[in-house]
Amino acid sequence: MIKTFEELKKKAKEGTLKKLVVACAEDKTALEASMIAAKEGLISPILVGNKEKILTIGETAGIDIEEKFIEDIKGVEETVRRSVEIIRSGDGDILLKGMVKTSTFLKGVLDKQMGLRTGRTLSHSAILETKGYHKLLQFTDGGMNIKPNIQTKIDIIKNASDFAKALGIDKPKVAILAAVEVVNPDMQETVDAAVIKQMGERGQLGKILLDGPLALDLAVSKKASEKKGIKSAVAGDADILVVPDIAAGNISAKGLIYLGNAKAAGIILGAKAPVVMLSRADDTETKLNSIALGVVSC
């Protein structure tokens, strides 16, 4: 099992070299992360965007960028379209969002004719490494599905579980989060959790351990579960935290990053290829970690 981002990067160096396509590469942190990843032997970069701007940013920031890595495309939407096309054609393995709005980026990724859809629900996972927990934690979905219904939550769990197995977790432990650990008809997320838990116990969701509803303290702390008298194979040792909606996931992950100094990475799951989608405010380390995630999930 991969428990830290350093272990993840070591794993990413194994196997064949993957091609990273950076959509709208006119972004300092995306360029830094991509070139560091290239030097460390994680990927070979394809930087799609305005060549002049990319080289200017590289020169100003002291980033050594070889022109052979750049595909000169002007116009944001055209750049995203071309980046997705490279992935679809098989000439690229991983897609990274650069200096482009999330809505514009996803429009290209989700295009029914020319995008990267597979028929599966696409979902976002944030992977966090924090001093307060003994292994990597996967939060999902805080970036794609706004208010998922029960079927969408099942798809999110399947995406996250498949990805967890790529990280060396043979039987992922999944906690479906809520504010309480009892079923309350007035709190739809607790009802959804109870139904999904039953499905998991009957083997309908594959080789995973699943429990819910669970409050966050129970999911990550055995001491809390013991105090509350909750017996669970997931409590205190969860690999995957399934949040009720996008707001809960986004706030939880960013709270740990900005207030708890957690290291982070993010990835879209369920597409034809790994899609690394991060905030334009994320730092170079976060983007480098996310590139490594993409490599390992190929």
# chains A, B, ... in the order shown; residues from 1 in each chain; ligands from 1

$ residues_around --residues "range 82-97 of chain A" --least-positions-apart "5" --cutoff "6 Å" --atoms "only C-alpha atoms" --output "list in words"
Lys18, Lys19, Leu20, Val21, Val22, Ala23, Pro274, Val275, Val276 and Met277 of chain A

$ select_by_dssp --residues "range 131-200 of chain A" --states "alpha helix (DSSP H)" --output "PyMOL selection string"
chain A and resi 150-166+188-200

$ atom_distance --atom1 "CA of Thr102 in chain A" --atom2 "CA of Asn289 in chain A"
19.3 Å

$ residues_around --residues "range 51-56 of chain A" --least-positions-apart "4" --cutoff "12 Å" --atoms "only C-alpha atoms" --output "ChimeraX atom specification"
/A:22-32,46-47,60-75,79,98-99

$ residues_around --residues "Val234 in chain A" --least-positions-apart "2" --cutoff "7 Å" --atoms "only C-alpha atoms" --output "list of chain:residue names"
A:Lys173, A:Val174, A:Ala175, A:Leu209, A:Leu210, A:Asp211, A:Ala219, A:Ser232, A:Gly236, A:Asp237, A:Ala238

$ residues_around --residues "Ala12 in chain A" --least-positions-apart "4" --cutoff "10 Å" --atoms "only C-alpha atoms" --output "short mmCIF file (atom, residue, chain, number, x, y, z; two decimals) with N, CA, C and O atoms, in the first residue's frame"
data_model
loop_
_atom_site.label_atom_id
_atom_site.label_comp_id
_atom_site.auth_asym_id
_atom_site.auth_seq_id
_atom_site.Cartn_x
_atom_site.Cartn_y
_atom_site.Cartn_z
N GLU A 6 5.76 10.53 -1.31
CA GLU A 6 7.11 10.11 -1.71
C GLU A 6 7.09 8.68 -2.24
O GLU A 6 7.72 8.36 -3.25
N GLU A 7 6.34 7.82 -1.58
CA GLU A 7 6.18 6.44 -2.06
C GLU A 7 5.46 6.43 -3.40
O GLU A 7 5.78 5.63 -4.29
N LEU A 8 4.50 7.34 -3.57
CA LEU A 8 3.76 7.44 -4.82
C LEU A 8 4.69 7.80 -5.97
O LEU A 8 4.63 7.22 -7.06
N THR A 16 6.79 2.08 -18.08
CA THR A 16 7.13 2.91 -19.24
C THR A 16 6.84 4.38 -18.97
O THR A 16 5.96 4.72 -18.18
N LEU A 17 7.58 5.25 -19.66
CA LEU A 17 7.42 6.69 -19.49
C LEU A 17 6.10 7.15 -20.10
O LEU A 17 5.79 6.84 -21.25
N LYS A 18 5.30 7.87 -19.33
CA LYS A 18 4.00 8.34 -19.79
C LYS A 18 4.10 9.76 -20.35
O LYS A 18 4.96 10.55 -19.94
N ALA A 37 8.71 16.95 -13.03
CA ALA A 37 8.28 15.57 -13.26
C ALA A 37 9.08 14.94 -14.40
O ALA A 37 9.44 13.76 -14.35
N GLU A 40 12.60 14.16 -13.19
CA GLU A 40 12.61 13.04 -12.24
C GLU A 40 12.22 11.71 -12.92
O GLU A 40 12.17 10.67 -12.27
N GLY A 41 11.95 11.76 -14.21
CA GLY A 41 11.64 10.54 -14.94
C GLY A 41 10.23 10.03 -14.77
O GLY A 41 9.95 8.85 -15.00
N LEU A 42 9.30 10.94 -14.40
CA LEU A 42 7.91 10.53 -14.23
C LEU A 42 7.14 10.57 -15.55
O LEU A 42 6.30 9.72 -15.82
N ILE A 43 7.44 11.61 -16.38
CA ILE A 43 6.66 11.82 -17.60
C ILE A 43 7.53 12.45 -18.69
O ILE A 43 8.63 12.93 -18.42
N ILE A 291 0.38 14.83 -10.77
CA ILE A 291 0.95 14.19 -11.96
C ILE A 291 1.34 12.76 -11.63
O ILE A 291 1.09 11.83 -12.41
N ALA A 292 1.97 12.56 -10.47
CA ALA A 292 2.35 11.21 -10.04
C ALA A 292 1.13 10.32 -9.89
O ALA A 292 1.15 9.14 -10.25
N LEU A 293 0.03 10.88 -9.38
CA LEU A 293 -1.23 10.11 -9.28
C LEU A 293 -1.67 9.64 -10.66
O LEU A 293 -2.09 8.49 -10.84
N GLY A 294 -1.61 10.58 -11.62
CA GLY A 294 -2.02 10.24 -12.97
C GLY A 294 -1.18 9.13 -13.56
O GLY A 294 -1.71 8.22 -14.21
N VAL A 295 0.12 9.18 -13.32
CA VAL A 295 1.02 8.15 -13.85
C VAL A 295 0.68 6.78 -13.27
O VAL A 295 0.57 5.79 -14.00
N VAL A 296 0.49 6.73 -11.97
CA VAL A 296 0.22 5.46 -11.30
C VAL A 296 -1.13 4.88 -11.74
O VAL A 296 -1.30 3.66 -11.80
N SER A 297 -2.08 5.75 -12.05
CA SER A 297 -3.42 5.26 -12.41
C SER A 297 -3.55 4.87 -13.88
O SER A 297 -4.59 4.34 -14.29
N CYS A 298 -2.51 5.10 -14.70
CA CYS A 298 -2.57 4.74 -16.12
C CYS A 298 -2.69 3.21 -16.30
O CYS A 298 -2.04 2.46 -15.59
#

$ closest_residue --among "A:Gly143, A:Phe5, A:Lys228, A:Gly58" --to "Ile251 in chain A" --atoms "only C-alpha atoms"
A:Gly143

$ atom_distance --atom1 "CA of Glu285 in chain A" --atom2 "CA of Val76 in chain A"
24.8 Å

$ select_by_dssp --residues "range 64-158 of chain A" --states "strand (DSSP E or B)" --output "PyMOL selection string"
chain A and resi 70-72+94-97+123-129+137-140

$ write_last_selection --atoms "N, CA and C atoms" --output "short mmCIF file (atom, residue, chain, number, x, y, z; two decimals), in the first residue's frame"
data_model
loop_
_atom_site.label_atom_id
_atom_site.label_comp_id
_atom_site.auth_asym_id
_atom_site.auth_seq_id
_atom_site.Cartn_x
_atom_site.Cartn_y
_atom_site.Cartn_z
N ILE A 70 6.75 21.90 -26.86
CA ILE A 70 5.62 22.82 -27.00
C ILE A 70 4.86 22.58 -28.31
N GLU A 71 3.54 22.51 -28.21
CA GLU A 71 2.69 22.54 -29.39
C GLU A 71 1.97 23.87 -29.40
N ASP A 72 2.31 24.71 -30.35
CA ASP A 72 1.85 26.10 -30.38
C ASP A 72 0.40 26.20 -30.87
N ILE A 94 -1.89 11.30 -20.06
CA ILE A 94 -2.47 11.99 -18.90
C ILE A 94 -2.74 13.44 -19.31
N LEU A 95 -3.89 13.97 -18.90
CA LEU A 95 -4.25 15.36 -19.20
C LEU A 95 -4.18 16.20 -17.93
N LEU A 96 -3.48 17.33 -18.01
CA LEU A 96 -3.35 18.25 -16.87
C LEU A 96 -3.95 19.60 -17.22
N LYS A 97 -4.79 20.10 -16.36
CA LYS A 97 -5.39 21.43 -16.53
C LYS A 97 -4.36 22.51 -16.18
N SER A 123 -15.95 11.48 -11.74
CA SER A 123 -15.92 12.02 -10.38
C SER A 123 -14.53 12.49 -10.03
N HIS A 124 -14.45 13.37 -9.05
CA HIS A 124 -13.17 13.92 -8.63
C HIS A 124 -12.77 13.35 -7.27
N SER A 125 -11.50 13.02 -7.14
CA SER A 125 -10.97 12.58 -5.86
C SER A 125 -9.81 13.47 -5.45
N ALA A 126 -9.82 13.91 -4.21
CA ALA A 126 -8.69 14.63 -3.62
C ALA A 126 -7.96 13.66 -2.70
N ILE A 127 -6.67 13.50 -2.90
CA ILE A 127 -5.86 12.61 -2.08
C ILE A 127 -5.04 13.47 -1.14
N LEU A 128 -5.14 13.20 0.16
CA LEU A 128 -4.47 14.03 1.16
C LEU A 128 -3.53 13.21 2.02
N GLU A 129 -2.38 13.82 2.32
CA GLU A 129 -1.43 13.26 3.27
C GLU A 129 -1.31 14.24 4.43
N LEU A 137 -5.49 9.66 2.46
CA LEU A 137 -6.95 9.70 2.53
C LEU A 137 -7.50 10.20 1.20
N GLN A 138 -8.51 9.52 0.70
CA GLN A 138 -9.15 9.94 -0.54
C GLN A 138 -10.52 10.53 -0.23
N PHE A 139 -10.68 11.84 -0.53
CA PHE A 139 -11.97 12.52 -0.37
C PHE A 139 -12.66 12.56 -1.74
N THR A 140 -13.93 12.15 -1.79
CA THR A 140 -14.65 12.18 -3.05
C THR A 140 -16.15 12.36 -2.80
#
